[in-house]
>>> print(open('upload03.tsv').read())   # TSV, C-alpha atoms
chain	number	residue	atom	x	y	z
A	485	MET	CA	104.36	87.89	104.33
A	486	GLY	CA	101.53	86.58	102.31
A	487	ARG	CA	104.03	84.33	100.58
A	488	PRO	CA	102.08	81.76	98.62
A	489	THR	CA	102.71	78.24	99.82
A	490	ARG	CA	103.07	75.52	97.23
A	491	VAL	CA	101.84	73.00	99.76
A	492	THR	CA	98.29	71.92	99.08
A	493	ASN	CA	96.13	69.79	101.33
A	494	ASP	CA	93.02	67.65	101.46
A	495	ILE	CA	92.22	68.31	105.11
A	496	ARG	CA	88.69	69.47	104.39
A	497	ARG	CA	87.84	66.38	102.30
A	498	ILE	CA	89.40	64.01	104.83
A	499	ARG	CA	87.59	65.71	107.72
A	500	PHE	CA	84.26	65.13	106.01
A	501	ALA	CA	85.22	61.54	105.24
A	502	HIS	CA	85.90	61.02	108.95
A	503	ASP	CA	82.42	61.50	110.41
A	504	GLU	CA	82.44	65.14	109.38
A	505	MET	CA	85.04	66.12	111.94
A	506	THR	CA	84.71	69.84	112.59
A	507	GLN	CA	87.56	72.32	112.32
A	508	ALA	CA	87.20	72.93	116.05
A	509	GLU	CA	87.59	69.21	116.83
A	510	LEU	CA	90.66	68.93	114.63
A	511	ALA	CA	92.11	72.08	116.17
A	512	GLU	CA	91.63	70.67	119.66
A	513	ARG	CA	93.31	67.38	118.74
A	514	VAL	CA	96.28	69.16	117.18
A	515	GLY	CA	96.50	71.81	119.90
A	516	VAL	CA	96.02	74.90	117.75
A	517	THR	CA	93.24	77.44	117.28
A	518	ARG	CA	90.36	76.86	114.86
A	519	GLN	CA	91.58	79.89	112.91
A	520	THR	CA	94.90	78.13	112.27
A	521	ILE	CA	93.13	75.08	110.84
A	522	ILE	CA	91.07	77.39	108.62
A	523	ALA	CA	94.24	79.18	107.46
A	524	ILE	CA	95.96	75.85	106.67
A	525	GLU	CA	92.93	74.53	104.76
A	526	GLN	CA	92.80	77.72	102.71
A	527	GLY	CA	96.54	77.65	102.00
A	528	ARG	CA	97.19	80.83	104.00
A	529	TYR	CA	99.54	79.16	106.45
A	530	SER	CA	102.12	76.51	105.82
A	531	PRO	CA	102.39	74.31	108.92
A	532	SER	CA	105.64	72.96	110.28
A	533	LEU	CA	106.52	69.36	109.48
A	534	GLU	CA	105.68	68.41	113.06
A	535	MET	CA	102.23	70.01	112.86
A	536	ALA	CA	101.63	68.41	109.47
A	537	PHE	CA	102.29	64.99	111.06
A	538	GLN	CA	100.01	65.86	113.97
A	539	ILE	CA	97.19	66.81	111.59
A	540	ALA	CA	97.64	63.63	109.56
A	541	HIS	CA	97.64	61.51	112.73
A	542	ALA	CA	94.54	63.30	114.05
A	543	LEU	CA	92.80	62.55	110.76
A	544	GLY	CA	94.03	58.96	110.82
A	545	VAL	CA	95.73	59.10	107.43
A	546	ASP	CA	99.28	59.26	106.06
A	547	LEU	CA	101.08	62.56	105.69
A	548	ASP	CA	101.19	62.40	101.89
A	549	GLU	CA	97.47	61.77	101.74
A	550	THR	CA	96.89	64.94	103.73
A	551	PHE	CA	99.49	67.25	102.21
A	552	GLN	CA	100.86	67.43	98.69
A	553	TYR	CA	103.76	69.29	97.16
A	554	PRO	CA	104.48	69.70	93.43
A	555	THR	CA	107.14	67.30	92.17
A	556	THR	CA	110.47	68.61	90.93
A	557	GLU	CA	109.22	68.24	87.35
A	558	GLU	CA	106.19	70.44	88.10
A	559	ASN	CA	108.41	73.00	89.83
A	560	ARG	CA	110.34	73.68	86.63
B	465	MET	CA	88.94	85.92	114.36
B	466	SER	CA	91.40	84.65	116.93
B	467	TYR	CA	92.00	86.24	120.32
B	468	GLU	CA	95.48	87.35	119.25
B	469	GLU	CA	94.20	88.93	116.02
B	470	LYS	CA	91.56	90.88	117.92
B	471	GLY	CA	94.30	92.01	120.27
B	472	GLN	CA	96.31	93.45	117.38
B	473	ILE	CA	93.30	95.43	116.13
B	474	VAL	CA	92.76	96.87	119.61
B	475	TYR	CA	96.47	97.65	119.99
B	476	LEU	CA	96.57	99.39	116.61
B	477	GLY	CA	93.47	101.42	117.42
B	478	ALA	CA	94.62	102.43	120.89
B	479	THR	CA	98.08	103.43	119.67
B	480	THR	CA	96.99	105.51	116.68
B	481	ILE	CA	93.95	107.12	118.33
B	482	GLY	CA	96.03	107.89	121.43
B	483	TYR	CA	98.67	109.61	119.31
B	484	ALA	CA	96.06	111.51	117.29
B	485	VAL	CA	94.47	112.79	120.50
B	486	TYR	CA	97.91	113.85	121.79
B	487	LEU	CA	98.65	115.76	118.57
B	488	VAL	CA	95.31	117.58	118.74
B	489	LEU	CA	95.82	118.50	122.41
B	490	VAL	CA	99.33	119.82	121.80
B	491	LEU	CA	98.67	121.59	118.52
B	492	GLN	CA	95.60	123.30	120.03
B	493	GLN	CA	97.97	125.29	122.22
B	494	LEU	CA	99.90	126.65	119.25
B	495	GLY	CA	97.52	129.61	118.94
B	496	THR	CA	98.38	130.91	122.38
B	497	THR	CA	101.79	129.41	123.21
B	498	PRO	CA	105.08	129.27	121.26
B	499	LEU	CA	105.82	125.68	120.14
B	500	LEU	CA	108.83	125.10	122.39
B	501	GLU	CA	106.96	126.41	125.43
B	502	ILE	CA	104.01	124.06	125.05
B	503	ASP	CA	103.48	121.97	128.16
B	504	TYR	CA	103.45	118.68	126.24
B	505	GLN	CA	104.64	116.28	128.97
B	506	PRO	CA	101.32	115.83	130.85
B	507	TYR	CA	99.49	115.19	127.58
B	508	LEU	CA	102.11	112.72	126.40
B	509	ILE	CA	101.99	110.69	129.61
B	510	ALA	CA	98.21	110.96	129.91
B	511	THR	CA	97.53	109.75	126.35
B	512	ILE	CA	99.86	106.77	126.82
B	513	VAL	CA	98.21	105.78	130.12
B	514	VAL	CA	94.70	106.30	128.73
B	515	ALA	CA	95.57	104.26	125.61
B	516	ILE	CA	96.79	101.37	127.78
B	517	VAL	CA	93.70	101.44	130.01
B	518	ALA	CA	91.37	101.86	127.00
B	519	SER	CA	92.93	98.88	125.21
B	520	ILE	CA	92.47	96.67	128.31
B	521	LEU	CA	88.83	97.74	128.62
B	522	ALA	CA	88.27	97.29	124.88
B	523	ARG	CA	89.66	93.76	125.02
B	524	ILE	CA	87.35	92.88	127.89
B	525	ALA	CA	84.34	94.42	126.11
B	526	ILE	CA	85.09	92.61	122.83
B	527	GLU	CA	85.40	89.26	124.60
B	528	MET	CA	82.11	89.86	126.37
B	529	ILE	CA	80.37	90.64	123.07
B	530	SER	CA	82.16	88.07	120.91
B	531	PRO	CA	84.05	85.49	123.00
B	532	SER	CA	87.07	83.79	121.41
B	533	ASP	CA	87.29	79.99	121.15
B	534	THR	CA	90.46	80.03	123.21
B	535	TYR	CA	92.72	82.56	124.87
B	536	ARG	CA	95.89	80.55	124.27
B	537	GLU	CA	98.20	81.59	121.46
B	538	ASP	CA	99.29	78.81	119.13
B	539	VAL	CA	102.28	78.27	116.85
B	540	ARG	CA	100.77	80.41	114.06
B	541	ASP	CA	100.19	83.30	116.46
B	542	ARG	CA	103.80	83.00	117.62
B	543	ASP	CA	105.12	82.85	114.03
B	544	ILE	CA	103.12	85.92	113.03
B	545	GLY	CA	104.07	87.68	116.26
B	546	ARG	CA	107.77	87.08	115.67
B	547	PHE	CA	107.54	88.32	112.08
B	548	GLY	CA	105.64	91.45	113.09
B	549	GLU	CA	108.08	92.22	115.90
B	550	TYR	CA	111.01	91.69	113.52
B	551	VAL	CA	109.66	94.33	111.11
B	552	ALA	CA	108.69	96.61	114.01
B	553	GLY	CA	112.22	96.26	115.40
B	554	ILE	CA	113.68	97.46	112.09
B	555	VAL	CA	111.33	100.48	112.15
B	556	LEU	CA	112.40	101.23	115.73
B	557	GLY	CA	116.09	100.85	114.95
B	558	ILE	CA	115.98	103.12	111.92
B	559	GLY	CA	113.53	105.58	113.48
B	560	MET	CA	115.58	106.09	116.63
B	561	VAL	CA	118.34	107.60	114.50
B	562	VAL	CA	116.24	110.78	114.36
B	563	PRO	CA	116.04	111.51	118.14
B	564	PHE	CA	119.65	110.38	118.43
B	565	ILE	CA	120.73	113.02	115.93
B	566	LEU	CA	118.48	115.59	117.62
B	567	ALA	CA	120.22	114.84	120.93
B	568	LEU	CA	123.64	115.13	119.31
B	569	ILE	CA	122.87	118.56	117.92
B	570	GLU	CA	121.42	119.52	121.33
B	571	ALA	CA	117.92	120.16	120.02
B	572	ASP	CA	115.21	121.17	122.47
B	573	TYR	CA	113.80	118.37	124.66
B	574	PHE	CA	110.46	118.99	122.93
B	575	TRP	CA	111.78	117.70	119.62
B	576	ILE	CA	113.67	114.76	121.13
B	577	ALA	CA	110.72	113.57	123.20
B	578	ASN	CA	108.25	113.99	120.37
B	579	ALA	CA	110.49	112.29	117.84
B	580	MET	CA	110.86	109.33	120.22
B	581	TYR	CA	107.11	109.19	120.84
B	582	LEU	CA	106.42	109.25	117.09
B	583	VAL	CA	108.92	106.45	116.45
B	584	PHE	CA	107.38	104.34	119.23
B	585	VAL	CA	103.92	104.90	117.72
B	586	LEU	CA	105.16	104.04	114.21
B	587	GLN	CA	106.88	100.93	115.51
B	588	ALA	CA	103.73	99.76	117.29
B	589	ALA	CA	101.38	100.65	114.43
B	590	ILE	CA	103.50	99.15	111.64
B	591	GLY	CA	104.09	95.99	113.69
B	592	ALA	CA	100.35	95.60	114.28
B	593	VAL	CA	99.51	96.25	110.61
B	594	ILE	CA	102.10	93.69	109.46
B	595	LYS	CA	100.64	91.10	111.84
B	596	LEU	CA	97.07	91.82	110.73
B	597	ILE	CA	98.05	91.49	107.06
B	598	ALA	CA	99.77	88.20	107.89
B	599	TYR	CA	96.63	86.97	109.65
B	600	ARG	CA	94.41	87.95	106.72
B	601	ARG	CA	96.50	87.24	103.64
B	602	GLY	CA	98.60	84.40	104.91
B	603	PHE	CA	101.97	83.71	106.36
>>> encode(input="upload03.tsv", output="structure tokens")
Amino acid sequence: MGRPTRVTNDIRRIRFAHDEMTQAELAERVGVTRQTIIAIEQGRYSPSLEMAFQIAHALGVDLDETFQYPTTEENR
Amino acid sequence: MSYEEKGQIVYLGATTIGYAVYLVLVLQQLGTTPLLEIDYQPYLIATIVVAIVASILARIAIEMISPSDTYREDVRDRDIGRFGEYVAGIVLGIGMVVPFILALIEADYFWIANAMYLVFVLQAAIGAVIKLIAYRRGF
């Protein structure tokens, strides 16, 4: 609970780059609540791989442009 | 705040307030009645029923005042729900040892029933608190 996720994301930046897509619009496209999108953007919820792909597809970008994870070197 | 998160707040409130009211009603009789002769059963059932009805009414009132975006639970709600129920299940499992032992030593029904009620309340309250913390701090 409350475990910090090492996954970071650029969802907010990409949303604004895509005609200022709202959190509600993204949530509707992905099929989750707006609160879940907020939690993901703020790093309070780590989405499943499937949802990560859905978010990237909804934003029209690649997965690794949307989500980042520290490399093995950074992990040490 | 999502529909499911609001639901947990209502559930926590109804459970704890219901139990507090029950305790007050039962303990009030201590001045005039010996503990094991207190007529606790009607109060126990009544507070449970009232808590259920009150939580339904509270949910309706909250949605009228502040409607949720959607009433469907999503994958995060289910993840948090599963985690909360897992912790609550541990509380229930450990807590039920107490009424079990009370039954084995043939304690009065008063103690067995009240121990079970307390464990059910703790299970519900701790589960709801865990879920609310997960909603707020992250999961």
>>> closest_residue(input="upload03.tsv", among="A:Ala508, A:Val545, A:Val516, A:Ile524", to="chain B", atoms="only C-alpha atoms")
A:Val516
>>> residues_around(input="upload03.tsv", residues="B:Gln492", least_positions_apart="4", cutoff="12 Å", atoms="all atoms listed in the file", output="ChimeraX atom specification")
/B:485-488,496-499,502-504,507
>>> residues_around(input="upload03.tsv", residues="B:Leu521", least_positions_apart="4", cutoff="12 Å", atoms="only C-alpha atoms", output="list in words")
Gly471, Val474, Tyr475, Ala478, Val514, Ala515, Ile516, Val517, Ala525, Ile526, Glu527 and Met528 of chain B
>>> write_last_selection(input="upload03.tsv", atoms="C-alpha atoms", output="PDB file, in the frame of the given file")
ATOM      1  CA  GLY B 471      94.300  92.010 120.270  1.00  0.00           C
ATOM      2  CA  VAL B 474      92.760  96.870 119.610  1.00  0.00           C
ATOM      3  CA  TYR B 475      96.470  97.650 119.990  1.00  0.00           C
ATOM      4  CA  ALA B 478      94.620 102.430 120.890  1.00  0.00           C
ATOM      5  CA  VAL B 514      94.700 106.300 128.730  1.00  0.00           C
ATOM      6  CA  ALA B 515      95.570 104.260 125.610  1.00  0.00           C
ATOM      7  CA  ILE B 516      96.790 101.370 127.780  1.00  0.00           C
ATOM      8  CA  VAL B 517      93.700 101.440 130.010  1.00  0.00           C
ATOM      9  CA  ALA B 525      84.340  94.420 126.110  1.00  0.00           C
ATOM     10  CA  ILE B 526      85.090  92.610 122.830  1.00  0.00           C
ATOM     11  CA  GLU B 527      85.400  89.260 124.600  1.00  0.00           C
ATOM     12  CA  MET B 528      82.110  89.860 126.370  1.00  0.00           C
TER      13      MET B 528
END
>>> residues_around(input="upload03.tsv", residues="A:Glu534", least_positions_apart="6", cutoff="12 Å", atoms="all atoms listed in the file", output="PDB file with C-alpha atoms, keeping the file's coordinate frame")
ATOM      1  CA  VAL A 514      96.280  69.160 117.180  1.00  0.00           C
ATOM      2  CA  GLY A 515      96.500  71.810 119.900  1.00  0.00           C
ATOM      3  CA  ALA A 540      97.640  63.630 109.560  1.00  0.00           C
ATOM      4  CA  HIS A 541      97.640  61.510 112.730  1.00  0.00           C
ATOM      5  CA  LEU A 547     101.080  62.560 105.690  1.00  0.00           C
TER       6      LEU A 547
ATOM      7  CA  VAL B 539     102.280  78.270 116.850  1.00  0.00           C
TER       8      VAL B 539
END
>>> residues_around(input="upload03.tsv", residues="stretch 553-558 of chain B", least_positions_apart="6", cutoff="7 Å", atoms="all atoms listed in the file", output="NGL selection string")
:B and (583-584 or 587)
>>> interface_residues(input="upload03.tsv", of="chain A", to="chain B", cutoff="12 Å", atoms="only C-alpha atoms", output="VMD selection string")
chain A and resid 485 to 489 507 to 509 511 to 512 514 to 532 534 to 535
>>> write_last_selection(input="upload03.tsv", atoms="C-alpha atoms", output="PDB file, keeping the file's coordinate frame")
ATOM      1  CA  MET A 485     104.360  87.890 104.330  1.00  0.00           C
ATOM      2  CA  GLY A 486     101.530  86.580 102.310  1.00  0.00           C
ATOM      3  CA  ARG A 487     104.030  84.330 100.580  1.00  0.00           C
ATOM      4  CA  PRO A 488     102.080  81.760  98.620  1.00  0.00           C
ATOM      5  CA  THR A 489     102.710  78.240  99.820  1.00  0.00           C
ATOM      6  CA  GLN A 507      87.560  72.320 112.320  1.00  0.00           C
ATOM      7  CA  ALA A 508      87.200  72.930 116.050  1.00  0.00           C
ATOM      8  CA  GLU A 509      87.590  69.210 116.830  1.00  0.00           C
ATOM      9  CA  ALA A 511      92.110  72.080 116.170  1.00  0.00           C
ATOM     10  CA  GLU A 512      91.630  70.670 119.660  1.00  0.00           C
ATOM     11  CA  VAL A 514      96.280  69.160 117.180  1.00  0.00           C
ATOM     12  CA  GLY A 515      96.500  71.810 119.900  1.00  0.00           C
ATOM     13  CA  VAL A 516      96.020  74.900 117.750  1.00  0.00           C
ATOM     14  CA  THR A 517      93.240  77.440 117.280  1.00  0.00           C
ATOM     15  CA  ARG A 518      90.360  76.860 114.860  1.00  0.00           C
ATOM     16  CA  GLN A 519      91.580  79.890 112.910  1.00  0.00           C
ATOM     17  CA  THR A 520      94.900  78.130 112.270  1.00  0.00           C
ATOM     18  CA  ILE A 521      93.130  75.080 110.840  1.00  0.00           C
ATOM     19  CA  ILE A 522      91.070  77.390 108.620  1.00  0.00           C
ATOM     20  CA  ALA A 523      94.240  79.180 107.460  1.00  0.00           C
ATOM     21  CA  ILE A 524      95.960  75.850 106.670  1.00  0.00           C
ATOM     22  CA  GLU A 525      92.930  74.530 104.760  1.00  0.00           C
ATOM     23  CA  GLN A 526      92.800  77.720 102.710  1.00  0.00           C
ATOM     24  CA  GLY A 527      96.540  77.650 102.000  1.00  0.00           C
ATOM     25  CA  ARG A 528      97.190  80.830 104.000  1.00  0.00           C
ATOM     26  CA  TYR A 529      99.540  79.160 106.450  1.00  0.00           C
ATOM     27  CA  SER A 530     102.120  76.510 105.820  1.00  0.00           C
ATOM     28  CA  PRO A 531     102.390  74.310 108.920  1.00  0.00           C
ATOM     29  CA  SER A 532     105.640  72.960 110.280  1.00  0.00           C
ATOM     30  CA  GLU A 534     105.680  68.410 113.060  1.00  0.00           C
ATOM     31  CA  MET A 535     102.230  70.010 112.860  1.00  0.00           C
TER      32      MET A 535
END
>>> atom_distance(input="upload03.tsv", atom1="atom CA of A:Phe500", atom2="atom CA of B:Glu468")
28.2 Å
>>> closest_residue(input="upload03.tsv", among="B:Phe564, B:Ala589, B:Glu549, B:Pro531", to="B:Lys470", atoms="all atoms listed in the file")
B:Pro531
>>> atom_distance(input="upload03.tsv", atom1="atom CA of B:Gly591", atom2="atom CA of B:Ala571")
28.6 Å
>>> residues_around(input="upload03.tsv", residues="B:Pro563", least_positions_apart="3", cutoff="12 Å", atoms="all atoms listed in the file", output="VMD selection string")
chain B and resid 556 to 560 566 to 584
>>> atom_distance(input="upload03.tsv", atom1="atom CA of A:Ala542", atom2="atom CA of A:Arg490")
22.5 Å
>>> decode(input="upload03.tsv", residues="stretch 475-592 of chain B", atoms="C-alpha atoms", output="PDB file, in the first residue's frame")
ATOM      1  CA  TYR B 475     -19.356   2.277   4.776  1.00  0.00           C
ATOM      2  CA  LEU B 476     -16.710   3.237   7.338  1.00  0.00           C
ATOM      3  CA  GLY B 477     -18.969   5.880   8.864  1.00  0.00           C
ATOM      4  CA  ALA B 478     -22.044   3.664   9.014  1.00  0.00           C
ATOM      5  CA  THR B 479     -20.113   0.757  10.536  1.00  0.00           C
ATOM      6  CA  THR B 480     -18.293   2.713  13.238  1.00  0.00           C
ATOM      7  CA  ILE B 481     -21.178   5.031  14.148  1.00  0.00           C
ATOM      8  CA  GLY B 482     -23.557   2.062  14.239  1.00  0.00           C
ATOM      9  CA  TYR B 483     -21.262   0.206  16.625  1.00  0.00           C
ATOM     10  CA  ALA B 484     -20.747   3.291  18.797  1.00  0.00           C
ATOM     11  CA  VAL B 485     -24.512   3.749  19.090  1.00  0.00           C
ATOM     12  CA  TYR B 486     -24.892   0.060  20.011  1.00  0.00           C
ATOM     13  CA  LEU B 487     -22.246   0.361  22.740  1.00  0.00           C
ATOM     14  CA  VAL B 488     -23.931   3.437  24.220  1.00  0.00           C
ATOM     15  CA  LEU B 489     -27.361   1.761  24.189  1.00  0.00           C
ATOM     16  CA  VAL B 490     -26.060  -1.396  25.860  1.00  0.00           C
ATOM     17  CA  LEU B 491     -23.760   0.255  28.373  1.00  0.00           C
ATOM     18  CA  GLN B 492     -26.547   2.646  29.412  1.00  0.00           C
ATOM     19  CA  GLN B 493     -28.334  -0.335  30.929  1.00  0.00           C
ATOM     20  CA  LEU B 494     -25.395  -1.232  33.141  1.00  0.00           C
ATOM     21  CA  GLY B 495     -26.650   1.071  35.903  1.00  0.00           C
ATOM     22  CA  THR B 496     -29.866  -0.871  36.329  1.00  0.00           C
ATOM     23  CA  THR B 497     -29.148  -4.334  34.909  1.00  0.00           C
ATOM     24  CA  PRO B 498     -26.299  -6.831  35.507  1.00  0.00           C
ATOM     25  CA  LEU B 499     -24.087  -7.106  32.397  1.00  0.00           C
ATOM     26  CA  LEU B 500     -25.043 -10.667  31.463  1.00  0.00           C
ATOM     27  CA  GLU B 501     -28.741  -9.898  31.806  1.00  0.00           C
ATOM     28  CA  ILE B 502     -28.695  -6.942  29.426  1.00  0.00           C
ATOM     29  CA  ASP B 503     -31.131  -7.397  26.568  1.00  0.00           C
ATOM     30  CA  TYR B 504     -28.506  -6.695  23.900  1.00  0.00           C
ATOM     31  CA  GLN B 505     -29.980  -8.660  20.961  1.00  0.00           C
ATOM     32  CA  PRO B 506     -32.610  -6.114  19.808  1.00  0.00           C
ATOM     33  CA  TYR B 507     -30.029  -3.319  19.917  1.00  0.00           C
ATOM     34  CA  LEU B 508     -27.478  -5.376  18.019  1.00  0.00           C
ATOM     35  CA  ILE B 509     -29.890  -6.253  15.227  1.00  0.00           C
ATOM     36  CA  ALA B 510     -31.417  -2.775  15.144  1.00  0.00           C
ATOM     37  CA  THR B 511     -28.067  -0.968  14.855  1.00  0.00           C
ATOM     38  CA  ILE B 512     -26.964  -3.277  12.030  1.00  0.00           C
ATOM     39  CA  VAL B 513     -30.220  -2.760  10.104  1.00  0.00           C
ATOM     40  CA  VAL B 514     -30.198   1.008  10.714  1.00  0.00           C
ATOM     41  CA  ALA B 515     -26.536   1.214   9.621  1.00  0.00           C
ATOM     42  CA  ILE B 516     -27.354  -0.584   6.355  1.00  0.00           C
ATOM     43  CA  VAL B 517     -30.372   1.625   5.634  1.00  0.00           C
ATOM     44  CA  ALA B 518     -28.471   4.789   6.650  1.00  0.00           C
ATOM     45  CA  SER B 519     -25.550   3.934   4.361  1.00  0.00           C
ATOM     46  CA  ILE B 520     -27.924   3.421   1.396  1.00  0.00           C
ATOM     47  CA  LEU B 521     -29.635   6.746   2.088  1.00  0.00           C
ATOM     48  CA  ALA B 522     -26.286   8.489   2.586  1.00  0.00           C
ATOM     49  CA  ARG B 523     -25.026   7.185  -0.754  1.00  0.00           C
ATOM     50  CA  ILE B 524     -28.134   8.468  -2.514  1.00  0.00           C
ATOM     51  CA  ALA B 525     -27.866  11.864  -0.772  1.00  0.00           C
ATOM     52  CA  ILE B 526     -24.159  12.231  -1.611  1.00  0.00           C
ATOM     53  CA  GLU B 527     -24.772  11.432  -5.277  1.00  0.00           C
ATOM     54  CA  MET B 528     -27.582  13.973  -5.392  1.00  0.00           C
ATOM     55  CA  ILE B 529     -25.322  16.660  -3.904  1.00  0.00           C
ATOM     56  CA  SER B 530     -22.111  15.705  -5.696  1.00  0.00           C
ATOM     57  CA  PRO B 531     -22.729  13.288  -8.593  1.00  0.00           C
ATOM     58  CA  SER B 532     -19.878  10.970  -9.602  1.00  0.00           C
ATOM     59  CA  ASP B 533     -18.549  10.904 -13.177  1.00  0.00           C
ATOM     60  CA  THR B 534     -19.445   7.244 -13.455  1.00  0.00           C
ATOM     61  CA  TYR B 535     -20.924   4.527 -11.283  1.00  0.00           C
ATOM     62  CA  ARG B 536     -18.848   1.755 -12.844  1.00  0.00           C
ATOM     63  CA  GLU B 537     -15.847   0.451 -10.951  1.00  0.00           C
ATOM     64  CA  ASP B 538     -12.637   0.210 -12.951  1.00  0.00           C
ATOM     65  CA  VAL B 539      -9.480  -1.880 -12.667  1.00  0.00           C
ATOM     66  CA  ARG B 540      -7.977   0.407  -9.989  1.00  0.00           C
ATOM     67  CA  ASP B 541     -11.123   0.141  -7.866  1.00  0.00           C
ATOM     68  CA  ARG B 542     -10.968  -3.647  -8.204  1.00  0.00           C
ATOM     69  CA  ASP B 543      -7.242  -3.742  -7.324  1.00  0.00           C
ATOM     70  CA  ILE B 544      -7.781  -1.581  -4.250  1.00  0.00           C
ATOM     71  CA  GLY B 545     -10.899  -3.544  -3.323  1.00  0.00           C
ATOM     72  CA  ARG B 546      -9.044  -6.856  -3.490  1.00  0.00           C
ATOM     73  CA  PHE B 547      -6.180  -5.508  -1.377  1.00  0.00           C
ATOM     74  CA  GLY B 548      -8.537  -4.087   1.241  1.00  0.00           C
ATOM     75  CA  GLU B 549     -10.539  -7.309   1.420  1.00  0.00           C
ATOM     76  CA  TYR B 550      -7.306  -9.314   1.741  1.00  0.00           C
ATOM     77  CA  VAL B 551      -6.246  -7.309   4.814  1.00  0.00           C
ATOM     78  CA  ALA B 552      -9.802  -7.361   6.188  1.00  0.00           C
ATOM     79  CA  GLY B 553      -9.864 -11.143   5.738  1.00  0.00           C
ATOM     80  CA  ILE B 554      -6.719 -11.480   7.853  1.00  0.00           C
ATOM     81  CA  VAL B 555      -8.318  -9.332  10.580  1.00  0.00           C
ATOM     82  CA  LEU B 556     -11.445 -11.502  10.451  1.00  0.00           C
ATOM     83  CA  GLY B 557      -9.477 -14.736  10.551  1.00  0.00           C
ATOM     84  CA  ILE B 558      -7.359 -13.706  13.517  1.00  0.00           C
ATOM     85  CA  GLY B 559     -10.211 -11.925  15.308  1.00  0.00           C
ATOM     86  CA  MET B 560     -12.570 -14.883  15.118  1.00  0.00           C
ATOM     87  CA  VAL B 561     -10.172 -16.842  17.326  1.00  0.00           C
ATOM     88  CA  VAL B 562     -11.562 -14.863  20.278  1.00  0.00           C
ATOM     89  CA  PRO B 563     -15.261 -15.896  19.981  1.00  0.00           C
ATOM     90  CA  PHE B 564     -14.086 -19.393  19.070  1.00  0.00           C
ATOM     91  CA  ILE B 565     -12.184 -19.656  22.340  1.00  0.00           C
ATOM     92  CA  LEU B 566     -15.122 -18.114  24.212  1.00  0.00           C
ATOM     93  CA  ALA B 567     -17.389 -20.809  22.759  1.00  0.00           C
ATOM     94  CA  LEU B 568     -14.916 -23.537  23.696  1.00  0.00           C
ATOM     95  CA  ILE B 569     -14.817 -22.419  27.312  1.00  0.00           C
ATOM     96  CA  GLU B 570     -18.628 -22.157  27.249  1.00  0.00           C
ATOM     97  CA  ALA B 571     -18.708 -18.437  27.956  1.00  0.00           C
ATOM     98  CA  ASP B 572     -22.062 -16.668  28.105  1.00  0.00           C
ATOM     99  CA  TYR B 573     -23.741 -15.983  24.745  1.00  0.00           C
ATOM    100  CA  PHE B 574     -23.383 -12.278  25.547  1.00  0.00           C
ATOM    101  CA  TRP B 575     -19.602 -12.448  25.263  1.00  0.00           C
ATOM    102  CA  ILE B 576     -19.598 -14.666  22.173  1.00  0.00           C
ATOM    103  CA  ALA B 577     -22.095 -12.519  20.275  1.00  0.00           C
ATOM    104  CA  ASN B 578     -20.398  -9.281  21.248  1.00  0.00           C
ATOM    105  CA  ALA B 579     -16.935 -10.565  20.418  1.00  0.00           C
ATOM    106  CA  MET B 580     -18.200 -11.620  16.981  1.00  0.00           C
ATOM    107  CA  TYR B 581     -19.893  -8.269  16.418  1.00  0.00           C
ATOM    108  CA  LEU B 582     -16.712  -6.411  17.406  1.00  0.00           C
ATOM    109  CA  VAL B 583     -14.600  -8.526  15.049  1.00  0.00           C
ATOM    110  CA  PHE B 584     -17.044  -7.924  12.184  1.00  0.00           C
ATOM    111  CA  VAL B 585     -16.900  -4.174  12.877  1.00  0.00           C
ATOM    112  CA  LEU B 586     -13.089  -4.205  13.043  1.00  0.00           C
ATOM    113  CA  GLN B 587     -12.897  -6.203   9.829  1.00  0.00           C
ATOM    114  CA  ALA B 588     -15.185  -3.764   8.019  1.00  0.00           C
ATOM    115  CA  ALA B 589     -13.562  -0.635   9.455  1.00  0.00           C
ATOM    116  CA  ILE B 590      -9.951  -1.724   8.884  1.00  0.00           C
ATOM    117  CA  GLY B 591     -10.786  -2.887   5.353  1.00  0.00           C
ATOM    118  CA  ALA B 592     -12.392   0.473   4.559  1.00  0.00           C
TER     119      ALA B 592
END
